[in-house]
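Source file: entry-v9.cif. Holds: mmCIF, C-alpha atoms and all ligand atoms.
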```cif
data_data
loop_
_atom_site.label_atom_id
_atom_site.label_comp_id
_atom_site.auth_asym_id
_atom_site.auth_seq_id
_atom_site.Cartn_x
_atom_site.Cartn_y
_atom_site.Cartn_z
CA MET A 1 162.22 127.52 170.47
CA MET A 2 161.65 131.16 169.99
CA ARG A 3 163.50 134.30 169.24
CA TYR A 4 162.88 137.96 169.19
CA VAL A 5 164.23 140.96 167.43
CA VAL A 6 165.12 144.37 168.72
CA LEU A 7 165.80 146.88 166.03
CA LEU A 8 168.67 149.17 166.60
CA GLY A 9 170.21 152.23 165.14
CA PHE A 10 170.87 155.67 166.47
CA LEU A 11 173.09 158.67 166.16
CA VAL A 12 176.19 158.62 168.27
CA GLY A 13 176.25 161.30 170.94
CA ALA A 14 173.90 162.17 173.75
CA SER A 15 171.25 164.78 173.46
CA LEU A 16 168.11 165.70 175.30
CA ILE A 17 164.68 165.15 173.86
CA HIS A 18 163.05 168.50 173.68
CA GLN A 19 159.53 169.70 174.24
CA VAL A 20 158.54 171.46 171.07
CA HIS A 21 155.93 173.93 169.99
CA ALA A 22 156.18 174.07 166.24
CA GLN A 23 153.98 173.89 163.20
CA ALA A 24 153.37 170.34 161.93
CA PHE A 25 155.35 169.88 158.72
CA LEU A 26 156.26 166.20 158.31
CA GLY A 27 154.94 163.57 155.94
CA VAL A 28 155.46 159.84 156.62
CA PRO A 29 158.98 158.98 155.35
CA VAL A 30 158.29 155.49 153.99
CA SER A 31 155.96 154.38 151.20
CA GLY A 32 153.07 152.02 151.85
CA VAL A 33 150.43 151.48 154.50
CA ASN A 34 151.16 151.50 158.24
CA GLY A 35 150.43 148.08 159.76
CA LYS A 36 150.57 146.37 156.37
CA ASP A 37 153.63 147.39 154.36
CA TYR A 38 155.55 148.47 157.45
CA HIS A 39 155.14 148.43 161.23
CA ILE A 40 156.40 151.07 163.64
CA VAL A 41 158.18 149.08 166.33
CA ASN A 42 160.31 151.65 168.15
CA TYR A 43 159.65 155.29 168.98
CA VAL A 44 161.82 157.87 170.70
CA ASP A 45 162.63 156.88 174.29
CA TRP A 46 161.42 159.65 176.64
CA SER A 47 162.65 158.09 179.83
CA ILE A 48 165.90 159.09 181.51
CA ASP A 49 166.38 155.90 183.52
CA SER A 50 164.08 153.30 181.94
CA ILE A 51 162.09 153.11 178.69
CA HIS A 52 158.90 154.72 177.60
CA ASP A 53 157.60 156.17 174.38
CA HIS A 54 155.41 159.26 173.91
CA GLN A 55 152.32 157.24 174.88
CA CYS A 56 154.00 155.98 178.10
CA GLY A 57 154.25 152.57 176.38
CA SER A 58 157.18 150.23 175.80
CA LYS A 59 157.59 150.69 172.03
CA SER A 60 161.17 151.88 172.31
CA TYR A 61 164.48 150.88 173.79
CA ASP A 62 166.85 152.64 176.08
CA GLY A 63 168.29 155.75 174.47
CA HIS A 64 166.49 155.34 171.13
CA GLN A 65 166.36 158.72 169.41
CA GLY A 66 164.23 158.03 166.37
CA THR A 67 161.30 156.13 164.93
CA ASP A 68 161.79 152.67 163.38
CA PHE A 69 159.61 151.67 160.45
CA VAL A 70 160.25 147.97 159.88
CA LEU A 71 159.51 145.82 156.82
CA ARG A 72 158.37 142.21 157.16
CA SER A 73 161.47 140.54 155.73
CA PHE A 74 164.59 140.88 153.60
CA ALA A 75 162.57 139.43 150.74
CA HIS A 76 160.20 142.37 151.11
CA MET A 77 163.18 144.74 151.22
CA ASP A 78 164.47 143.23 147.95
CA SER A 79 161.19 144.14 146.28
CA GLY A 80 162.18 147.80 146.78
CA VAL A 81 160.45 149.96 149.38
CA ASN A 82 160.99 153.69 148.98
CA VAL A 83 162.14 156.08 151.66
CA LEU A 84 160.45 159.45 151.12
CA ALA A 85 161.57 162.97 151.98
CA ALA A 86 159.48 163.94 155.02
CA ALA A 87 159.34 167.61 154.03
CA ASN A 88 160.74 170.08 151.54
CA GLY A 89 164.41 170.80 152.06
CA VAL A 90 167.98 170.54 150.89
CA VAL A 91 170.18 167.44 151.17
CA THR A 92 173.16 168.28 153.40
CA PHE A 93 174.82 164.88 153.80
CA ILE A 94 174.74 161.42 152.26
CA LYS A 95 176.60 158.23 152.98
CA ASP A 96 176.44 155.26 150.62
CA GLY A 97 178.38 152.08 149.84
CA VAL A 98 177.85 150.23 153.12
CA PHE A 99 176.75 146.56 153.22
CA ASP A 100 172.97 146.47 153.65
CA ARG A 101 171.95 142.98 154.88
CA GLU A 102 173.06 143.26 158.52
CA LYS A 103 171.33 140.89 160.92
CA GLU A 104 173.31 141.55 164.07
CA SER A 105 173.34 144.60 166.26
CA VAL A 106 176.78 146.20 166.29
CA ILE A 107 176.50 149.68 167.78
CA ALA A 108 179.74 150.85 166.18
CA LYS A 109 178.20 150.34 162.73
CA GLY A 110 175.89 153.29 163.39
CA LEU A 111 173.50 154.55 160.77
CA GLY A 112 174.94 152.67 157.78
CA ASN A 113 173.93 154.37 154.56
CA TYR A 114 172.04 157.54 155.39
CA ILE A 115 170.76 160.89 154.23
CA CYS A 116 170.37 164.18 156.08
CA ILE A 117 167.97 166.85 154.86
CA ALA A 118 167.86 170.43 156.19
CA HIS A 119 164.43 172.05 156.27
CA PRO A 120 163.66 175.79 156.13
CA ASN A 121 162.31 175.78 159.72
CA LYS A 122 165.74 174.81 161.12
CA TYR A 123 164.79 171.14 161.51
CA TYR A 124 166.93 168.33 160.13
CA THR A 125 165.70 164.86 159.21
CA TYR A 126 167.90 161.76 159.10
CA TYR A 127 167.05 158.57 157.16
CA ALA A 128 169.23 155.64 158.19
CA HIS A 129 170.09 151.99 157.33
CA LEU A 130 169.40 152.62 153.64
CA LYS A 131 169.97 150.19 150.79
CA LYS A 132 173.41 150.34 149.23
CA ASN A 133 173.45 152.23 145.92
CA SER A 134 169.76 153.09 146.26
CA LEU A 135 170.36 156.73 147.14
CA LYS A 136 168.66 158.94 144.57
CA VAL A 137 169.92 162.31 145.87
CA LYS A 138 173.25 164.07 146.34
CA VAL A 139 174.40 166.85 148.61
CA GLY A 140 172.88 170.18 147.57
CA ASP A 141 169.81 168.66 145.91
CA THR A 142 166.48 170.27 146.66
CA VAL A 143 163.78 167.77 147.58
CA LYS A 144 160.05 168.03 147.97
CA MET A 145 157.94 166.24 150.57
CA GLY A 146 157.20 162.71 149.35
CA ASP A 147 160.07 162.51 146.89
CA PRO A 148 161.66 159.02 146.87
CA ILE A 149 165.23 159.53 148.13
CA ALA A 150 166.41 155.92 148.68
CA GLU A 151 165.19 152.41 149.62
CA VAL A 152 164.76 150.74 153.00
CA ALA A 153 167.43 148.18 153.97
CA SER A 154 169.51 146.99 156.90
CA SER A 155 172.89 148.75 156.70
CA GLY A 156 174.78 149.79 159.83
CA ASN A 157 173.62 148.87 163.32
CA SER A 158 170.50 147.00 162.26
CA THR A 159 169.08 143.50 162.56
CA ASP A 160 166.16 143.73 160.15
CA PRO A 161 165.25 145.91 157.17
CA HIS A 162 163.93 149.14 158.59
CA LEU A 163 164.04 152.88 158.25
CA HIS A 164 165.37 154.69 161.30
CA PHE A 165 163.95 158.20 161.04
CA GLU A 166 165.38 160.88 163.27
CA LEU A 167 164.46 164.51 163.73
CA TRP A 168 166.75 167.22 165.09
CA TYR A 169 166.21 170.89 165.76
CA ASP A 170 169.08 173.09 164.56
CA SER A 171 171.60 170.29 165.23
CA LEU A 172 171.02 170.99 168.91
CA TYR A 173 168.66 168.33 170.12
CA VAL A 174 166.54 165.38 169.09
CA VAL A 175 162.81 165.94 168.71
CA ASP A 176 160.09 163.31 168.83
CA PRO A 177 157.63 164.09 166.02
CA PHE A 178 154.82 162.25 167.82
CA SER A 179 152.60 163.62 170.58
CA GLY A 180 151.13 161.86 173.58
CA ARG A 181 150.67 162.09 177.32
CA CYS A 182 154.28 161.06 177.96
CA GLY A 183 155.66 163.16 175.10
CA ASN A 184 155.05 166.33 173.19
CA ALA A 185 151.74 168.17 173.34
CA GLU A 186 151.52 168.61 169.57
CA PRO A 187 152.70 166.33 166.78
CA LEU A 188 155.01 167.49 164.01
CA TRP A 189 153.31 165.11 161.57
CA LEU A 190 150.74 166.51 159.21
CA ALA A 191 148.92 163.18 159.66
CA ALA A 192 150.56 161.11 162.38
CA PRO A 193 150.73 157.34 161.74
CA ASP A 194 148.54 155.45 164.24
CA TYR A 195 150.12 154.28 167.47
CA ASP A 196 149.24 150.60 167.30
CA THR A 197 149.92 148.09 170.07
CA SER A 198 147.53 145.43 168.83
CA PHE A 199 148.61 141.87 168.21
CA ALA A 200 148.87 140.76 164.59
CA THR A 201 150.49 138.06 162.47
CA ILE A 202 152.77 139.30 159.71
CA ASP A 203 153.35 135.90 158.12
CA TYR A 204 153.58 132.17 158.93
CA GLY A 205 154.30 128.85 157.32
CA MET A 206 155.99 125.46 157.46
CA HIS A 207 159.31 124.05 156.35
CA ASP A 208 161.02 120.67 156.01
CA GLU A 209 164.39 121.76 157.45
CA LEU A 210 165.33 123.16 160.83
CA LEU A 211 164.95 126.93 160.97
CA ASN A 212 166.90 129.73 162.54
CA ILE A 213 166.17 133.40 162.88
CA ASN A 214 168.30 134.51 159.95
CA ARG A 215 166.66 132.05 157.59
CA LEU A 216 163.32 133.45 158.69
CA ARG A 217 164.50 137.03 158.27
CA GLU A 218 165.57 136.14 154.74
CA ARG A 219 162.41 134.05 154.25
CA GLU A 220 164.57 131.12 153.20
CA VAL A 221 161.51 128.92 153.66
CA THR A 222 160.92 127.60 150.20
CA MET A 223 158.06 125.16 150.85
CA GLN A 224 154.80 126.34 149.33
CA ARG A 225 151.22 125.65 150.35
CA PRO A 226 149.71 123.08 150.29
CA TYR A 227 152.39 121.69 152.63
CA VAL A 228 153.25 118.06 151.95
CA PHE A 229 156.01 116.32 153.90
CA SER A 230 157.67 113.06 153.08
CA ASP A 231 158.03 110.58 155.92
CA LYS A 232 161.77 110.75 155.19
CA ASP A 233 161.80 114.40 156.33
CA THR A 234 163.34 114.30 159.78
CA THR A 235 161.56 117.32 161.25
CA LEU A 236 158.33 119.22 160.71
CA ASN A 237 158.84 122.93 161.30
CA PHE A 238 156.30 125.66 161.92
CA TRP A 239 157.14 129.38 162.04
CA SER A 240 155.28 132.62 162.51
CA HIS A 241 156.07 136.31 162.69
CA HIS A 242 154.09 138.71 164.87
CA VAL A 243 153.78 142.22 166.16
CA GLY A 244 152.26 143.25 169.49
CA MET A 245 153.32 140.36 171.70
CA ARG A 246 152.87 141.41 175.33
CA LEU A 247 154.42 140.53 178.65
CA GLY A 248 152.61 137.49 180.07
CA ASP A 249 151.10 136.42 176.76
CA THR A 250 151.13 132.66 176.23
CA LEU A 251 151.73 131.18 172.81
CA SER A 252 150.71 127.52 172.60
CA ILE A 253 151.57 125.29 169.70
CA ASN A 254 149.48 122.17 169.17
CA TRP A 255 150.14 119.41 166.63
CA TYR A 256 147.17 117.18 165.71
CA THR A 257 147.38 113.75 164.07
CA PRO A 258 145.17 112.64 161.16
CA SER A 259 142.84 111.05 163.75
CA ASN A 260 142.62 114.43 165.53
CA GLN A 261 144.66 113.35 168.54
CA LEU A 262 146.84 116.00 170.19
CA HIS A 263 150.30 114.74 169.28
CA PHE A 264 152.40 117.45 170.93
CA THR A 265 151.76 120.71 172.74
CA TYR A 266 154.01 123.36 174.20
CA ASP A 267 153.51 126.75 175.87
CA PHE A 268 155.78 129.79 175.62
CA ILE A 269 155.20 132.65 178.03
CA MET A 270 156.44 136.12 177.09
CA GLN A 271 158.81 137.63 179.62
CA GLN A 272 158.40 141.13 178.19
CA ASP A 273 156.67 143.06 175.41
CA TRP A 274 157.95 142.15 171.95
CA TRP A 275 156.94 144.45 169.14
CA TYR A 276 158.51 142.39 166.33
CA TYR A 277 158.62 138.74 167.17
CA TYR A 278 159.75 135.58 165.36
CA PHE A 279 158.47 132.25 166.62
CA TRP A 280 159.41 128.79 165.43
CA SER A 281 158.97 125.29 166.68
CA TYR A 282 159.40 121.79 165.37
CA ILE A 283 158.56 118.18 166.07
CA PRO A 284 160.57 115.13 164.98
CA GLN A 285 159.05 113.20 162.07
CA PRO A 286 156.13 111.37 163.71
CA GLY A 287 155.94 108.69 160.98
CA ILE A 288 152.14 108.79 160.74
CA ALA A 289 150.98 109.43 157.19
CA GLY A 290 147.86 111.42 156.50
CA ALA A 291 146.23 114.81 156.95
CA TRP A 292 147.69 116.66 159.94
CA ARG A 293 147.31 120.18 161.26
CA VAL A 294 149.30 122.46 163.50
CA GLU A 295 147.58 125.20 165.47
CA LEU A 296 148.87 128.25 167.28
CA GLU A 297 146.94 129.75 170.18
CA ARG A 298 147.53 133.03 171.91
CA ASN A 299 146.16 133.19 175.44
CA GLY A 300 143.94 130.19 174.77
CA LYS A 301 142.44 131.58 171.58
CA ASN A 302 143.24 130.01 168.23
CA ILE A 303 145.12 132.42 165.96
CA LEU A 304 146.53 130.18 163.22
CA SER A 305 145.64 126.76 161.86
CA GLN A 306 147.82 125.18 159.18
CA PRO A 307 146.88 121.85 157.60
CA PHE A 308 149.60 119.68 156.11
CA THR A 309 150.05 116.16 154.80
CA ILE A 310 152.62 113.50 155.55
CA GLU A 311 153.10 111.11 152.67
CA LYS A 312 154.40 107.61 153.17
CA ASP A 313 157.65 106.85 151.39
CA LEU A 314 158.50 103.59 149.65
CA ASN A 315 160.27 100.96 151.70
CA VAL A 316 163.21 98.93 150.48
CA SER A 317 161.20 95.90 149.33
CA GLU A 318 158.86 98.12 147.32
CA LEU A 319 161.85 99.78 145.68
CA GLN A 320 163.26 96.38 144.71
CA VAL A 321 160.13 95.37 142.79
CA ALA A 322 160.02 98.71 141.03
CA SER A 323 161.02 97.51 137.62
CA GLN A 324 158.39 96.76 135.00
CA SER A 325 155.39 95.43 136.85
CA CYS A 326 153.11 98.13 135.40
CA ASN A 327 152.20 98.75 131.78
CA SER A 328 155.41 100.47 130.83
CA LYS A 329 153.86 101.94 127.70
CA THR A 330 151.64 104.21 129.77
CA ASN A 331 153.05 107.58 130.79
CA TYR A 332 151.41 107.81 134.21
CA LEU A 333 152.72 111.34 134.72
CA VAL A 334 150.79 112.71 131.75
CA THR A 335 147.98 110.48 130.46
CA PRO A 336 144.57 110.95 132.08
CA LEU A 337 143.95 108.53 134.96
CA SER A 338 140.73 106.67 135.66
CA VAL A 339 138.85 107.55 138.83
CA THR A 340 140.14 104.42 140.52
CA GLU A 341 143.79 105.11 139.67
CA ARG A 342 146.32 106.92 141.83
CA VAL A 343 149.99 107.50 141.06
CA ASP A 344 152.64 108.33 143.68
CA VAL A 345 156.04 109.48 142.47
CA TYR A 346 159.21 108.86 144.49
CA THR A 347 162.90 109.47 144.11
CA LEU A 348 165.16 106.46 143.57
CA SER A 349 165.84 106.42 147.30
CA GLY A 350 162.11 106.17 147.98
CA LYS A 351 161.42 109.75 149.06
CA TRP A 352 157.90 110.82 148.14
CA VAL A 353 157.85 113.62 145.56
CA GLN A 354 154.29 114.09 144.32
CA SER A 355 150.97 112.32 143.87
CA ARG A 356 148.40 112.31 141.11
CA THR A 357 144.76 111.27 140.82
CA SER A 358 142.17 111.44 138.04
CA THR A 359 141.42 115.05 139.04
CA SER A 360 145.08 116.19 139.07
CA ASP A 361 146.89 117.77 136.18
CA ALA A 362 149.86 116.16 134.47
CA ILE A 363 152.97 116.15 136.65
CA LYS A 364 156.05 118.09 135.56
CA LEU A 365 159.26 116.95 137.24
CA PRO A 366 162.92 117.92 137.06
CA GLN A 367 165.01 115.69 134.79
CA GLY A 368 165.91 112.35 136.33
CA LEU A 369 164.86 108.81 137.10
CA TYR A 370 161.82 108.25 139.35
CA VAL A 371 159.93 105.37 140.91
CA LEU A 372 156.19 105.31 140.31
CA ARG A 373 153.72 103.45 142.47
CA VAL A 374 150.50 102.99 140.52
CA GLN A 375 147.39 101.89 142.37
CA ASP A 376 144.13 100.88 140.67
CA ASN A 377 141.58 99.73 143.24
CA GLU A 378 143.41 96.95 145.14
CA ASN A 379 146.07 96.40 142.48
CA VAL A 380 149.46 98.01 142.97
CA CYS A 381 152.33 98.02 140.52
CA TYR A 382 155.66 99.80 140.35
CA LEU A 383 157.86 101.09 137.59
CA LYS A 384 160.81 103.33 137.02
CA GLN A 385 160.36 106.28 134.71
CA GLN A 386 162.92 108.56 133.14
CA VAL A 387 162.00 112.22 132.88
CA PHE A 388 163.86 114.08 130.15
ZN ZN A 401 166.02 153.15 165.27
#
```
Represent the supplied structure as structure tokens.
Amino acid sequence: MMRYVVLLGFLVGASLIHQVHAQAFLGVPVSGVNGKDYHIVNYVDWSIDSIHDHQCGSKSYDGHQGTDFVLRSFAHMDSGVNVLAAANGVVTFIKDGVFDREKESVIAKGLGNYICIAHPNKYYTYYAHLKKNSLKVKVGDTVKMGDPIAEVASSGNSTDPHLHFELWYDSLYVVDPFSGRCGNAEPLWLAAPDYDTSFATIDYGMHDELLNINRLREREVTMQRPYVFSDKDTTLNFWSHHVGMRLGDTLSINWYTPSNQLHFTYDFIMQQDWWYYYFWSYIPQPGIAGAWRVELERNGKNILSQPFTIEKDLNVSELQVASQSCNSKTNYLVTPLSVTERVDVYTLSGKWVQSRTSTSDAIKLPQGLYVLRVQDNENVCYLKQQVF
């Protein structure tokens, strides 16, 4: 299974992209480091009848009139990423109050919350899809280059948190601030952000429930490393998030058993360039306890390797004997264990929760009743323990 994301957002109304010969005057309109805190996934489309950006590449979509600076997730957006005034000017328009967690492209929703700034050289800059109630300026305010004016979000016609930045000359036509052999001869940036088409991984992980793209966008993947699954989990899920996926690239996912056997493999071949790409895949619970790993290859080269453990749950007969067969005076969750002792903690229905050995710290658990399986060399006993 795999999905992709195309970021959207543009001004309504057609206009021609213009060749410009002007003095560079723009600073980067989002805080952070290009390629780390944000990725530029769409540039202005210079093609009349197909798609190409200023470098003759595919980092755009048909009719796109701005530059999209995308964050890695809604969780990242919630941390607060500033939109910055690209140059000195005066705020001429603001719109606020629009819902800012859109995940579907609806063209009619337009720019969402946005700001327009007029600059002394007759240029106008637009900052779109802003976070609701994050706008720090009002109409008539004077701003300086680099001033925080709002935060990045996903209001309007937007699928992921991103800043759509758009540049107009005298309200007459759209201008691409970048330069390249398929675009303008000179940039309007004082220091243009790099044009980067390289492949990279933004993030990856595992989860014990089936995933979908909106859960990934929200990073509703609460499992933490080290990943430990119970053999009562029905699926094992792997996900990853990339930039720079190219037409013809092959992603291969390989699941390896504790005895290093290839348990399952699958290839996905890209049918086009994807500049912001979510991937996820799962296998049914294989029922083999031990130390597993899942690996992702791109074009035959390993890019990610994630170890994980499957723990064996208690079966019904083990649950039935779980009364007082251990020394019930010992608190096996807290007291130091001998090197030969191991304690596995399960829910009352036998689902593995956590394990402890002589080198592990005391276990803190949510309130409730648990089943403990205590092993000392060959001897195994069970007991139920209440956690208050
Ligand atoms: Zn855009």
Environment of ligand ZN 401 (chain A) within 10 Å, counting all atoms listed in the file, reported as a short mmCIF file (atom, residue, chain, number, x, y, z; two decimals) with C-alpha atoms, keeping the file's coordinate frame:
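Contents of pocket-v6.cif, as written:
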```cif
data_model
loop_
_atom_site.label_atom_id
_atom_site.label_comp_id
_atom_site.auth_asym_id
_atom_site.auth_seq_id
_atom_site.Cartn_x
_atom_site.Cartn_y
_atom_site.Cartn_z
CA VAL A 6 165.12 144.37 168.72
CA LEU A 7 165.80 146.88 166.03
CA LEU A 8 168.67 149.17 166.60
CA GLY A 9 170.21 152.23 165.14
CA PHE A 10 170.87 155.67 166.47
CA LEU A 11 173.09 158.67 166.16
CA ILE A 40 156.40 151.07 163.64
CA VAL A 41 158.18 149.08 166.33
CA ASN A 42 160.31 151.65 168.15
CA TYR A 43 159.65 155.29 168.98
CA VAL A 44 161.82 157.87 170.70
CA SER A 60 161.17 151.88 172.31
CA TYR A 61 164.48 150.88 173.79
CA GLY A 63 168.29 155.75 174.47
CA HIS A 64 166.49 155.34 171.13
CA GLN A 65 166.36 158.72 169.41
CA GLY A 66 164.23 158.03 166.37
CA THR A 67 161.30 156.13 164.93
CA ASP A 68 161.79 152.67 163.38
CA PHE A 69 159.61 151.67 160.45
CA VAL A 70 160.25 147.97 159.88
CA LEU A 111 173.50 154.55 160.77
CA TYR A 127 167.05 158.57 157.16
CA ALA A 128 169.23 155.64 158.19
CA HIS A 129 170.09 151.99 157.33
CA ASN A 157 173.62 148.87 163.32
CA SER A 158 170.50 147.00 162.26
CA HIS A 162 163.93 149.14 158.59
CA LEU A 163 164.04 152.88 158.25
CA HIS A 164 165.37 154.69 161.30
CA PHE A 165 163.95 158.20 161.04
CA GLU A 166 165.38 160.88 163.27
#
```
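Between Trp275 (chain A) and the residues A:His207, A:Lys109, A:Lys312, A:Lys59, the shortest atom-to-atom distance, using only C-alpha atoms, involves A:Lys59.
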Within 6 Å of Asp344 (chain A), counting only C-alpha atoms, which residues qualify if same-chain residues fewer than 4 places away don't, as a list in words? Ser355, Leu372 and Arg373 of chain A
Min atom-atom distance to Gly368 (chain A) from the set A:Leu348, A:Leu383, A:Met245, A:Met77, counting all atoms listed in the file, belongs to A:Leu348
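Distances to Ser252 (chain A) were evaluated for A:Ser155, A:Asn88, A:Asn379, A:Asn302 using all atoms listed in the file, and the minimum falls at A:Asn302.
Picture a line from CA of Thr340 (chain A) to CA of Asp376 (chain A); it runs 5.3 Å.
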